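First the structure, in the form of structure tokens, and then the observations on it.
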Amino acid sequence: MSQLSEVIILDSLKQIIDPDLRKDIVTLGFVRDVVINDGDVSFRIVLTTPACPVKDQMQEQAQQIVSGLEGVSSVNVTMDSEVPQGRGIANNVAIPGVKNIIAVSSGKGGVGKSTVAVNLAVALAQDGAKVGIMDADVYGPNIPLMLGTGYDQPEIENGQLKPIEAYGVKMISMAVLVPPDKPMILRGPMLHGVIRQFLTDVNWGELDYLIVDMPPGTGDVQLSLAQLVPVQGAVLVTTPQEVSLADVRRAVKMFETVNVPVLGVVENMSYFIAPDTGTRYEIFGKGGGEKLAAEYGLNMLGQIPLGLEVREGGDQGKPVVVSAPDSPQTQALKKAAEEVARQVSIEAMKPELVILTRAK
Ligand SMILES: Nc1ncnc2c1ncn2[C@@H]1O[C@H](COP(=O)(O)OP(=O)(O)OP(=O)(O)O)[C@@H](O)[C@H]1O
Ligand SMILES: [Mg+2]
């Protein structure tokens, strides 16, 4: 009988390298709860994104490696995920349960920020993450419409607002605090106050990701958010058009100034496939997002085609990832969500910044 031990098992698993973090899964602290019962071995592998594309491959690899060790008769590998905390979040007293704050922004209006924000949020929740969405477009809030929540005021719980929930996503918006027919007149400092309240006076609970839908442009709200809380990263939405791209450039500069890393670019309304003929039309031009990404060394997080289902989903309060799960738009949005999660985890796991809870 060989002396099978946790050390031998862990040592063998060091062959498995996380492709994004470029370290082995043992060093990264991903292997947990190793139990050896005679020849029966079980352990968990805890990854950092809810829908990791290499999950199955890694499970199989771990299974094979440990099965090959002397003295092992059976192996049970459970795959799990735990989203790491963003940098600076440990000192974030404002919203202690929120691990990562992600701003969805653009230079120009109407490019699909809110649509992308809502669908990213729902897609991440579908993947098993705990997700919230904060509608920071205080003058033109439309997340409640897109999530179909209606405009009922949120309940108050222990002196905090209870977020409204839809499709597994917690939401707060100006639209549920002020009746929709009332015009909103807020000056700079009041705006700052509203953003602060959305962060601190709302009981967000435990969240892996808080997605913030930004108003268009590079104004006060963007600055307030960056001043109030550590924003893990910004997702920039653009259309392939040159005008839109010029505005994104401004947004890139603005986030640089306030020290918020740009996680990447989502190119929306990238192309249209005619449902009757299948012909692909590049309505807003081609390759603009890619050009921008290359110019600034940014990641291309996804290209979302135009589609009637997207607009209808938004108008009917049923995001396209729910209403048309098999559509090319949904596939693109789900891929973008995976990519966002991946970039967040890469940012958070940068060697000097690891704040991952290790195995007990
Ligand atoms: N890929 C798409 N296909 C079809 N329609 C889309 C797509 N993306 C967004 N839309 C539609 O375009 C309109 C504008 O989108 P949205 O409100 O998300 O943009 P926005 O950038 O948040 O706008 P604002 O700057 O006003 O906040 C909406 O009617 C939405 O349904
Ligand atoms: Mg919007």
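Labels used: A, B, ... for chains in the order of the structure tokens, numbers from 1 for residues in each chain, and numbers from 1 for ligands as shown.
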
| message | Using only C-alpha atoms and all ligand atoms, which residues of the polymer chains come no farther than 10 Å from ligand 2? I'd like the answer as a ChimeraX atom specification. | response | /A:104-106,109-118,135-143,213-216

| Expected answer as a VMD selection string: alpha helix (DSSP H) residues in range 212-296 of chain A | chain A and resid 220 to 228 242 to 257 288 to 296

| Pick from A:Gln316, A:Gln160, A:Thr257, A:Gln241 nearest to ligand 1, counting only C-alpha atoms and all ligand atoms | A:Gln316

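DSSP secondary structure from the backbone places A:Val262, A:Leu263, A:Gly264, A:Val265, A:Val266, A:Glu267, A:Asn268, A:Phe272, A:Ile273, A:Arg280, A:Tyr281, A:Met300, A:Leu301, A:Gly302, A:Gln303, A:Ile304 of range 251-316 of chain A in strand (DSSP E or B).
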
| query | Could you name the residues that touch Met300 in chain A at 9 Å or less, counting only C-alpha atoms, but leaving out those on the same chain fewer than 3 positions away, as JSON, numbers by chain? | reply | {"A": [263, 264, 265, 266, 267, 289, 290, 293, 294, 303, 336, 339]}

| Excluding same-chain residues fewer than 3 positions from range 36-45 of chain A, what lies within 10 Å of it counting only C-alpha atoms, as a VMD selection string? | chain A and resid 1 to 6 9 25 to 26 29 to 33 48 55 58 to 59 62 to 63 66 to 67 69 to 81

| field | Which of A:Val310, A:Val231, A:Leu207, A:Ala226 sits closest to Pro96 in chain A [using only C-alpha atoms] | value |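 Nearest to Pro96 in chain A: A:Leu207.
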